[in-house]
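Chemist: Please find coords17.pdb (PDB, C-alpha atoms (C1' of nucleotides)) on the next line:
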MODEL        1
ATOM      1  CA  MET A   1     -15.123 -43.943  84.105  1.00  0.00           C
ATOM      2  CA  LYS A   2     -16.527 -45.551  87.193  1.00  0.00           C
ATOM      3  CA  THR A   3     -18.849 -42.794  88.304  1.00  0.00           C
ATOM      4  CA  ALA A   4     -21.858 -44.005  90.221  1.00  0.00           C
ATOM      5  CA  GLY A   5     -25.157 -43.616  88.497  1.00  0.00           C
ATOM      6  CA  LYS A   6     -26.890 -42.396  91.604  1.00  0.00           C
ATOM      7  CA  SER A   7     -25.765 -39.669  93.953  1.00  0.00           C
ATOM      8  CA  GLN A   8     -24.646 -40.909  97.344  1.00  0.00           C
ATOM      9  CA  PRO A   9     -26.502 -39.505 100.340  1.00  0.00           C
ATOM     10  CA  HIS A  10     -23.300 -38.822 102.268  1.00  0.00           C
ATOM     11  CA  LYS A  11     -21.583 -37.102  99.354  1.00  0.00           C
ATOM     12  CA  ALA A  12     -20.997 -33.462 100.202  1.00  0.00           C
ATOM     13  CA  PRO A  13     -23.046 -31.159  97.955  1.00  0.00           C
ATOM     14  CA  VAL A  14     -20.163 -28.794  97.334  1.00  0.00           C
ATOM     15  CA  LEU A  15     -22.203 -26.469  95.186  1.00  0.00           C
ATOM     16  CA  CYS A  16     -25.861 -26.007  94.502  1.00  0.00           C
ATOM     17  CA  ASN A  17     -27.054 -26.021  90.914  1.00  0.00           C
ATOM     18  CA  MET A  18     -28.550 -22.892  89.574  1.00  0.00           C
ATOM     19  CA  PHE A  19     -32.314 -22.796  89.502  1.00  0.00           C
ATOM     20  CA  SER A  20     -32.838 -22.421  85.785  1.00  0.00           C
ATOM     21  CA  GLU A  21     -36.315 -20.959  86.185  1.00  0.00           C
ATOM     22  CA  LEU A  22     -34.690 -17.831  87.608  1.00  0.00           C
ATOM     23  CA  LEU A  23     -33.457 -16.977  84.126  1.00  0.00           C
ATOM     24  CA  GLU A  24     -36.598 -17.814  82.181  1.00  0.00           C
ATOM     25  CA  GLY A  25     -38.564 -15.134  80.412  1.00  0.00           C
ATOM     26  CA  THR A  26     -37.604 -11.734  79.094  1.00  0.00           C
ATOM     27  CA  THR A  27     -34.500  -9.866  80.201  1.00  0.00           C
ATOM     28  CA  LEU A  28     -36.722  -7.386  81.986  1.00  0.00           C
ATOM     29  CA  GLU A  29     -38.467 -10.134  83.934  1.00  0.00           C
ATOM     30  CA  VAL A  30     -35.148 -11.678  84.872  1.00  0.00           C
ATOM     31  CA  ALA A  31     -33.693  -8.367  86.018  1.00  0.00           C
ATOM     32  CA  ARG A  32     -36.703  -7.921  88.292  1.00  0.00           C
ATOM     33  CA  ARG A  33     -36.649 -11.506  89.530  1.00  0.00           C
ATOM     34  CA  LEU A  34     -32.958 -11.530  90.412  1.00  0.00           C
ATOM     35  CA  ILE A  35     -33.518  -8.963  93.134  1.00  0.00           C
ATOM     36  CA  GLY A  36     -33.276 -10.875  96.414  1.00  0.00           C
ATOM     37  CA  CYS A  37     -31.469 -13.876  94.917  1.00  0.00           C
ATOM     38  CA  THR A  38     -28.091 -14.918  96.241  1.00  0.00           C
ATOM     39  CA  LEU A  39     -25.010 -14.853  94.057  1.00  0.00           C
ATOM     40  CA  SER A  40     -22.164 -16.952  95.344  1.00  0.00           C
ATOM     41  CA  TYR A  41     -18.603 -17.605  94.263  1.00  0.00           C
ATOM     42  CA  ASN A  42     -16.566 -20.566  95.332  1.00  0.00           C
ATOM     43  CA  ALA A  43     -13.173 -18.874  95.135  1.00  0.00           C
ATOM     44  CA  PRO A  44      -9.903 -20.726  95.803  1.00  0.00           C
ATOM     45  CA  GLU A  45      -9.573 -18.706  99.016  1.00  0.00           C
ATOM     46  CA  GLY A  46     -13.115 -19.414 100.195  1.00  0.00           C
ATOM     47  CA  VAL A  47     -16.753 -18.840  99.440  1.00  0.00           C
ATOM     48  CA  MET A  48     -18.082 -15.342  98.943  1.00  0.00           C
ATOM     49  CA  ALA A  49     -21.751 -14.554  98.534  1.00  0.00           C
ATOM     50  CA  GLY A  50     -24.225 -11.719  98.569  1.00  0.00           C
ATOM     51  CA  ILE A  51     -27.859 -10.942  98.022  1.00  0.00           C
ATOM     52  CA  ILE A  52     -28.513  -9.114  94.774  1.00  0.00           C
ATOM     53  CA  ASN A  53     -30.229  -5.818  95.441  1.00  0.00           C
ATOM     54  CA  GLU A  54     -29.705  -3.876  92.226  1.00  0.00           C
ATOM     55  CA  THR A  55     -29.805  -4.896  88.543  1.00  0.00           C
ATOM     56  CA  GLU A  56     -30.173  -3.396  85.093  1.00  0.00           C
ATOM     57  CA  ALA A  57     -31.577  -4.930  81.901  1.00  0.00           C
ATOM     58  CA  TYR A  58     -29.907  -4.638  78.488  1.00  0.00           C
ATOM     59  CA  THR A  59     -31.320  -5.991  75.243  1.00  0.00           C
ATOM     60  CA  GLU A  60     -30.461  -5.829  71.549  1.00  0.00           C
ATOM     61  CA  GLU A  61     -33.151  -3.235  70.859  1.00  0.00           C
ATOM     62  CA  ASP A  62     -31.666  -0.910  73.454  1.00  0.00           C
ATOM     63  CA  PRO A  63     -29.092   1.654  72.257  1.00  0.00           C
ATOM     64  CA  ALA A  64     -27.251   1.491  75.584  1.00  0.00           C
ATOM     65  CA  CYS A  65     -26.644  -2.242  75.172  1.00  0.00           C
ATOM     66  CA  HIS A  66     -23.241  -3.528  74.096  1.00  0.00           C
ATOM     67  CA  ALA A  67     -25.110  -5.846  71.705  1.00  0.00           C
ATOM     68  CA  TYR A  68     -27.293  -3.103  70.239  1.00  0.00           C
ATOM     69  CA  GLY A  69     -28.648  -4.048  66.824  1.00  0.00           C
ATOM     70  CA  GLY A  70     -27.456  -7.613  67.234  1.00  0.00           C
ATOM     71  CA  LYS A  71     -23.933  -6.676  66.238  1.00  0.00           C
ATOM     72  CA  GLN A  72     -21.432  -9.207  67.534  1.00  0.00           C
ATOM     73  CA  THR A  73     -17.889  -8.222  68.355  1.00  0.00           C
ATOM     74  CA  ARG A  74     -15.085  -9.909  70.245  1.00  0.00           C
ATOM     75  CA  LYS A  75     -15.916  -8.026  73.409  1.00  0.00           C
ATOM     76  CA  ASN A  76     -19.649  -8.738  73.475  1.00  0.00           C
ATOM     77  CA  GLN A  77     -19.824 -12.272  72.109  1.00  0.00           C
ATOM     78  CA  THR A  78     -20.740 -13.800  75.460  1.00  0.00           C
ATOM     79  CA  MET A  79     -23.956 -11.785  75.388  1.00  0.00           C
ATOM     80  CA  PHE A  80     -25.043 -13.899  72.426  1.00  0.00           C
ATOM     81  CA  GLN A  81     -24.565 -17.194  74.237  1.00  0.00           C
ATOM     82  CA  GLU A  82     -27.386 -19.072  75.901  1.00  0.00           C
ATOM     83  CA  SER A  83     -28.970 -17.693  79.031  1.00  0.00           C
ATOM     84  CA  GLY A  84     -26.968 -18.589  82.142  1.00  0.00           C
ATOM     85  CA  HIS A  85     -23.543 -17.467  80.980  1.00  0.00           C
ATOM     86  CA  LEU A  86     -21.519 -14.832  82.761  1.00  0.00           C
ATOM     87  CA  TYR A  87     -20.596 -11.753  80.725  1.00  0.00           C
ATOM     88  CA  ILE A  88     -17.754  -9.719  82.194  1.00  0.00           C
ATOM     89  CA  TYR A  89     -16.216  -6.665  80.609  1.00  0.00           C
ATOM     90  CA  LEU A  90     -13.627  -4.098  81.546  1.00  0.00           C
ATOM     91  CA  ILE A  91     -14.794  -0.555  81.959  1.00  0.00           C
ATOM     92  CA  TYR A  92     -12.844   2.671  82.188  1.00  0.00           C
ATOM     93  CA  GLY A  93      -9.641   0.680  81.979  1.00  0.00           C
ATOM     94  CA  MET A  94      -9.736  -0.271  85.633  1.00  0.00           C
ATOM     95  CA  TYR A  95     -13.038  -1.811  86.680  1.00  0.00           C
ATOM     96  CA  HIS A  96     -15.040  -4.830  85.684  1.00  0.00           C
ATOM     97  CA  CYS A  97     -18.789  -5.322  85.409  1.00  0.00           C
ATOM     98  CA  ALA A  98     -20.594  -8.654  85.736  1.00  0.00           C
ATOM     99  CA  ASN A  99     -23.740  -9.574  83.840  1.00  0.00           C
ATOM    100  CA  LEU A 100     -25.923 -12.647  83.572  1.00  0.00           C
ATOM    101  CA  VAL A 101     -26.798 -13.502  79.990  1.00  0.00           C
ATOM    102  CA  THR A 102     -30.515 -13.869  79.317  1.00  0.00           C
ATOM    103  CA  GLU A 103     -32.850 -15.132  76.573  1.00  0.00           C
ATOM    104  CA  GLU A 104     -31.929 -17.516  73.783  1.00  0.00           C
ATOM    105  CA  ALA A 105     -28.594 -17.977  72.054  1.00  0.00           C
ATOM    106  CA  GLY A 106     -28.087 -15.533  69.207  1.00  0.00           C
ATOM    107  CA  ARG A 107     -29.850 -12.676  70.974  1.00  0.00           C
ATOM    108  CA  GLY A 108     -27.455 -10.328  72.750  1.00  0.00           C
ATOM    109  CA  SER A 109     -29.039  -9.572  76.092  1.00  0.00           C
ATOM    110  CA  ALA A 110     -27.989  -9.587  79.727  1.00  0.00           C
ATOM    111  CA  VAL A 111     -28.681  -8.314  83.209  1.00  0.00           C
ATOM    112  CA  LEU A 112     -25.994  -6.179  84.824  1.00  0.00           C
ATOM    113  CA  ILE A 113     -25.558  -7.003  88.493  1.00  0.00           C
ATOM    114  CA  ARG A 114     -25.011  -3.611  90.041  1.00  0.00           C
ATOM    115  CA  SER A 115     -25.007  -4.339  93.742  1.00  0.00           C
ATOM    116  CA  VAL A 116     -25.152  -7.078  96.363  1.00  0.00           C
ATOM    117  CA  LEU A 117     -25.432  -7.164 100.146  1.00  0.00           C
ATOM    118  CA  PRO A 118     -22.490  -9.271 101.318  1.00  0.00           C
ATOM    119  CA  THR A 119     -23.535 -12.330 103.328  1.00  0.00           C
ATOM    120  CA  GLU A 120     -20.578 -14.700 103.232  1.00  0.00           C
ATOM    121  CA  GLY A 121     -16.819 -14.333 102.894  1.00  0.00           C
ATOM    122  CA  VAL A 122     -16.986 -10.743 104.063  1.00  0.00           C
ATOM    123  CA  GLU A 123     -13.395 -10.802 105.312  1.00  0.00           C
ATOM    124  CA  LEU A 124     -12.165 -11.853 101.852  1.00  0.00           C
ATOM    125  CA  MET A 125     -14.159  -9.119 100.185  1.00  0.00           C
ATOM    126  CA  ILE A 126     -12.776  -6.527 102.563  1.00  0.00           C
ATOM    127  CA  GLN A 127      -9.265  -7.724 101.714  1.00  0.00           C
ATOM    128  CA  ASN A 128      -9.918  -7.723  97.981  1.00  0.00           C
ATOM    129  CA  ARG A 129     -11.226  -4.173  98.090  1.00  0.00           C
ATOM    130  CA  ASN A 130      -8.834  -2.862 100.732  1.00  0.00           C
ATOM    131  CA  TYR A 131     -11.994  -1.628 102.387  1.00  0.00           C
ATOM    132  CA  LYS A 132     -11.586   0.724 105.348  1.00  0.00           C
ATOM    133  CA  GLU A 133     -15.118   1.494 106.499  1.00  0.00           C
ATOM    134  CA  LYS A 134     -16.785  -0.386 109.337  1.00  0.00           C
ATOM    135  CA  ASN A 135     -20.238  -0.295 107.831  1.00  0.00           C
ATOM    136  CA  LEU A 136     -20.469  -2.917 105.079  1.00  0.00           C
ATOM    137  CA  LYS A 137     -23.118  -1.120 103.074  1.00  0.00           C
ATOM    138  CA  ASN A 138     -20.597   0.336 100.634  1.00  0.00           C
ATOM    139  CA  LEU A 139     -18.584  -2.852 100.166  1.00  0.00           C
ATOM    140  CA  CYS A 140     -20.370  -4.200  97.074  1.00  0.00           C
ATOM    141  CA  ASN A 141     -22.840  -1.459  96.164  1.00  0.00           C
ATOM    142  CA  GLY A 142     -21.700  -0.820  92.626  1.00  0.00           C
ATOM    143  CA  PRO A 143     -20.839  -2.960  89.606  1.00  0.00           C
ATOM    144  CA  GLY A 144     -17.113  -2.211  89.810  1.00  0.00           C
ATOM    145  CA  LYS A 145     -17.015  -2.700  93.563  1.00  0.00           C
ATOM    146  CA  LEU A 146     -18.831  -6.005  93.251  1.00  0.00           C
ATOM    147  CA  CYS A 147     -16.267  -7.413  90.831  1.00  0.00           C
ATOM    148  CA  GLN A 148     -13.417  -6.078  92.909  1.00  0.00           C
ATOM    149  CA  ALA A 149     -14.843  -7.668  96.065  1.00  0.00           C
ATOM    150  CA  PHE A 150     -15.352 -11.044  94.379  1.00  0.00           C
ATOM    151  CA  ASN A 151     -12.053 -10.661  92.497  1.00  0.00           C
ATOM    152  CA  TRP A 152     -13.729 -11.157  89.124  1.00  0.00           C
ATOM    153  CA  ASN A 153     -12.066 -10.171  85.882  1.00  0.00           C
ATOM    154  CA  LEU A 154     -12.063 -10.939  82.156  1.00  0.00           C
ATOM    155  CA  SER A 155     -10.798 -14.465  82.774  1.00  0.00           C
ATOM    156  CA  LEU A 156     -14.294 -15.372  84.003  1.00  0.00           C
ATOM    157  CA  ASP A 157     -16.047 -13.965  80.953  1.00  0.00           C
ATOM    158  CA  GLY A 158     -18.074 -16.705  79.267  1.00  0.00           C
ATOM    159  CA  LEU A 159     -18.398 -18.944  82.324  1.00  0.00           C
ATOM    160  CA  ASP A 160     -21.482 -21.147  82.143  1.00  0.00           C
ATOM    161  CA  LEU A 161     -23.350 -21.027  85.439  1.00  0.00           C
ATOM    162  CA  ARG A 162     -25.607 -23.882  84.402  1.00  0.00           C
ATOM    163  CA  LYS A 163     -22.783 -26.385  84.524  1.00  0.00           C
ATOM    164  CA  LYS A 164     -22.566 -28.633  87.527  1.00  0.00           C
ATOM    165  CA  ASN A 165     -19.819 -27.511  89.896  1.00  0.00           C
ATOM    166  CA  SER A 166     -19.739 -24.050  88.379  1.00  0.00           C
ATOM    167  CA  LYS A 167     -17.623 -21.787  90.594  1.00  0.00           C
ATOM    168  CA  ILE A 168     -20.376 -19.188  90.448  1.00  0.00           C
ATOM    169  CA  THR A 169     -23.956 -20.042  91.329  1.00  0.00           C
ATOM    170  CA  LEU A 170     -27.299 -18.399  91.792  1.00  0.00           C
ATOM    171  CA  HIS A 171     -29.831 -19.236  94.502  1.00  0.00           C
ATOM    172  CA  PRO A 172     -33.436 -18.097  94.643  1.00  0.00           C
ATOM    173  CA  ALA A 173     -34.627 -15.731  97.330  1.00  0.00           C
ATOM    174  CA  SER A 174     -35.992 -17.489 100.414  1.00  0.00           C
ATOM    175  CA  SER A 175     -38.710 -14.880 100.372  1.00  0.00           C
ATOM    176  CA  PRO A 176     -38.939 -12.412  97.483  1.00  0.00           C
ATOM    177  CA  PRO A 177     -38.534  -8.744  98.370  1.00  0.00           C
ATOM    178  CA  THR A 178     -41.799  -7.025  99.138  1.00  0.00           C
ATOM    179  CA  LYS A 179     -40.928  -3.975  97.122  1.00  0.00           C
ATOM    180  CA  VAL A 180     -38.797  -3.626  93.996  1.00  0.00           C
ATOM    181  CA  ILE A 181     -38.318  -0.123  92.682  1.00  0.00           C
ATOM    182  CA  GLU A 182     -37.727   0.593  88.994  1.00  0.00           C
ATOM    183  CA  THR A 183     -35.908   3.655  87.700  1.00  0.00           C
ATOM    184  CA  PRO A 184     -33.846   4.716  84.693  1.00  0.00           C
ATOM    185  CA  ARG A 185     -30.389   3.215  84.438  1.00  0.00           C
ATOM    186  CA  ILE A 186     -27.123   4.679  85.677  1.00  0.00           C
ATOM    187  CA  GLY A 187     -24.073   5.866  83.795  1.00  0.00           C
ATOM    188  CA  ILE A 188     -25.420   5.607  80.265  1.00  0.00           C
ATOM    189  CA  THR A 189     -25.930   8.215  77.559  1.00  0.00           C
ATOM    190  CA  LYS A 190     -28.373   6.364  75.301  1.00  0.00           C
ATOM    191  CA  GLY A 191     -31.681   4.779  76.224  1.00  0.00           C
ATOM    192  CA  VAL A 192     -31.689   6.941  79.332  1.00  0.00           C
ATOM    193  CA  GLU A 193     -35.471   7.100  79.520  1.00  0.00           C
ATOM    194  CA  LEU A 194     -36.048   3.339  79.844  1.00  0.00           C
ATOM    195  CA  PRO A 195     -36.922   2.343  83.437  1.00  0.00           C
ATOM    196  CA  TRP A 196     -34.800  -0.765  83.298  1.00  0.00           C
ATOM    197  CA  ARG A 197     -32.994  -0.496  86.613  1.00  0.00           C
ATOM    198  CA  PHE A 198     -34.366  -2.463  89.551  1.00  0.00           C
ATOM    199  CA  TYR A 199     -33.443  -2.295  93.193  1.00  0.00           C
ATOM    200  CA  SER A 200     -34.687  -3.017  96.680  1.00  0.00           C
ATOM    201  CA  ILE A 201     -33.648  -1.622 100.043  1.00  0.00           C
TER     202      ILE A 201
ATOM    203  C1'  DA B   1     -24.070  16.984 102.135  1.00  0.00           C
ATOM    204  C1'  DT B   2     -23.061  17.164  96.892  1.00  0.00           C
ATOM    205  C1'  DA B   3     -19.638  18.166  93.032  1.00  0.00           C
ATOM    206  C1'  DT B   4     -15.709  17.557  90.436  1.00  0.00           C
ATOM    207  C1'  DG B   5     -11.992  15.370  87.818  1.00  0.00           C
ATOM    208  C1'  DG B   6      -8.374  11.899  87.182  1.00  0.00           C
ATOM    209  C1'  DA B   7      -6.971   7.090  86.697  1.00  0.00           C
ATOM    210  C1'  DT B   8      -6.826   3.394  83.106  1.00  0.00           C
ATOM    211  C1'  DG B   9      -6.832  -0.444  79.131  1.00  0.00           C
ATOM    212  C1'  DG B  10      -9.282  -3.422  75.768  1.00  0.00           C
ATOM    213  C1'  DC B  11     -11.745  -2.941  71.816  1.00  0.00           C
ATOM    214  C1'  DC B  12     -13.618  -0.634  67.815  1.00  0.00           C
ATOM    215  C1'  DT B  13     -13.163   2.369  63.341  1.00  0.00           C
TER     216       DT B  13
ATOM    217  C1'  DG C   1      -7.644   8.238  68.604  1.00  0.00           C
ATOM    218  C1'  DG C   2     -11.916   7.823  71.091  1.00  0.00           C
ATOM    219  C1'  DC C   3     -15.009   5.716  73.476  1.00  0.00           C
ATOM    220  C1'  DC C   4     -16.849   3.599  78.021  1.00  0.00           C
ATOM    221  C1'  DA C   5     -23.201   0.039  81.895  1.00  0.00           C
ATOM    222  C1'  DT C   6     -17.071   3.327  87.355  1.00  0.00           C
ATOM    223  C1'  DC C   7     -14.862   4.578  91.658  1.00  0.00           C
ATOM    224  C1'  DC C   8     -12.598   7.361  94.884  1.00  0.00           C
ATOM    225  C1'  DA C   9     -10.006  11.256  96.609  1.00  0.00           C
ATOM    226  C1'  DT C  10     -10.403  15.865  97.038  1.00  0.00           C
ATOM    227  C1'  DA C  11     -12.672  20.155  97.321  1.00  0.00           C
ATOM    228  C1'  DT C  12     -16.276  22.917  98.628  1.00  0.00           C
ATOM    229  C1'  DG C  13     -21.199  24.339 101.168  1.00  0.00           C
TER     230       DG C  13
ENDMDL
END
Please re-express this file's structure in structure tokens.
Modeler:
Amino acid sequence: MKTAGKSQPHKAPVLCNMFSELLEGTTLEVARRLIGCTLSYNAPEGVMAGIINETEAYTEEDPACHAYGGKQTRKNQTMFQESGHLYIYLIYGMYHCANLVTEEAGRGSAVLIRSVLPTEGVELMIQNRNYKEKNLKNLCNGPGKLCQAFNWNLSLDGLDLRKKNSKITLHPASSPPTKVIETPRIGITKGVELPWRFYSI
DNA sequence: ATATGGATGGCCT
DNA sequence: GGCCATCCATATG
């Protein structure tokens, strides 16, 4: 090992480190705070990125949560890892959903990333989704669409975003959105009354 | 413009 | 065997 102790000024900063303060606090706080942040993926084919504009919070106490009651299974075990891990699951046999794990290890909680506004690698995303429309507003505006655009699947489940050189990174908003709206969550049958969905326009 | 129903597979009981 | 934190094509006003 002959790695230099100090970083060299000319060394290309291939990836930014995640700002850990983005994931501090309760799942609800994180879900709210992630609105406006940039999610980026350094894929083999190129970088893809988007600004998060819709999230949902899920915690152990919530009957709609995969980790409800703290029950660990094979599928949900990433939710019980430390905050900063990526939890991906398959839904309806054909789509994937991406979540950022929150809170401390042992507590099953996460924020579902429901939508991003594409900012980088748009051509790749269009390819990945076989997207026909001209307007990009429907390219990543849904949890399944987002994973399809970024080409994310179960193989990325459990990825630790806190690691240096993580393929997936989070960047804080340059200026936080002026208005974040909260509503009940989408597509669930339990915990429907909780206003745990956040979005901005 | 909104409403419907079919596709699909890993995981749980 | 039965869920499912979904999407899209198709059908109708």
Chemist: List every protein, DNA or RNA residue that has an atom no more than 12 Å from (-15.4, 20.2, 91.3) in the file's coordinate frame, counting all atoms listed in the file, and report them as number ranges by chain.
Modeler: B: 2-6; C: 9-12
Chemist: Would you kindly report the residues of chain B within 9 Å of chain A, using all atoms listed in the file, as a PDB file with C-alpha atoms (C1' of nucleotides), keeping the file's coordinate frame?
Modeler:
ATOM      1  C1'  DA B   7      -6.971   7.090  86.697  1.00  0.00           C
ATOM      2  C1'  DT B   8      -6.826   3.394  83.106  1.00  0.00           C
ATOM      3  C1'  DG B   9      -6.832  -0.444  79.131  1.00  0.00           C
ATOM      4  C1'  DG B  10      -9.282  -3.422  75.768  1.00  0.00           C
ATOM      5  C1'  DC B  11     -11.745  -2.941  71.816  1.00  0.00           C
ATOM      6  C1'  DC B  12     -13.618  -0.634  67.815  1.00  0.00           C
TER       7       DC B  12
END
Chemist: Only residues of chain A matter here; which ones have an atom within 8 Å of chain C, counting all atoms listed in the file? Give them as a list in words.
Modeler: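 Every residue meeting the condition is included here: Ala64, Cys65, Ile91, Tyr92, Tyr95, Cys97, Leu112, Pro143, Gly144, Lys145, Ile186, Gly187 and Ile188 of chain A.
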Chemist: Rounded to one decimal in Å, what is the spacing between CA of Val101 in chain A and CA of Thr59 in chain A?
Modeler: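 Atom-to-atom, CA of Val101 in chain A and CA of Thr59 in chain A are spaced 10.0 Å apart.
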Chemist: Skip Ala98 in chain A itself and residues of its chain fewer than 6 positions away, then list as a PyMOL selection string all residues within 12 Å of it, counting only C-alpha atoms (C1' of nucleotides).
Modeler: (chain A and resi 39+55-56+78-79+85-91+110-116+142-159+168) or (chain C and resi 5)
Chemist: Can you tell me how far CA of Val180 in chain A sits from CA of Ile201 in chain A, in Å to one decimal?
Modeler: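 Result for CA of Val180 in chain A versus CA of Ile201 in chain A: 8.2 Å, one decimal.
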Chemist: Quick check, in Å to one decimal: how far apart do CA of Ile126 in chain A and CA of Thr38 in chain A lie?
Modeler: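 Going from CA of Ile126 in chain A over to CA of Thr38 in chain A, I get 18.6 Å.
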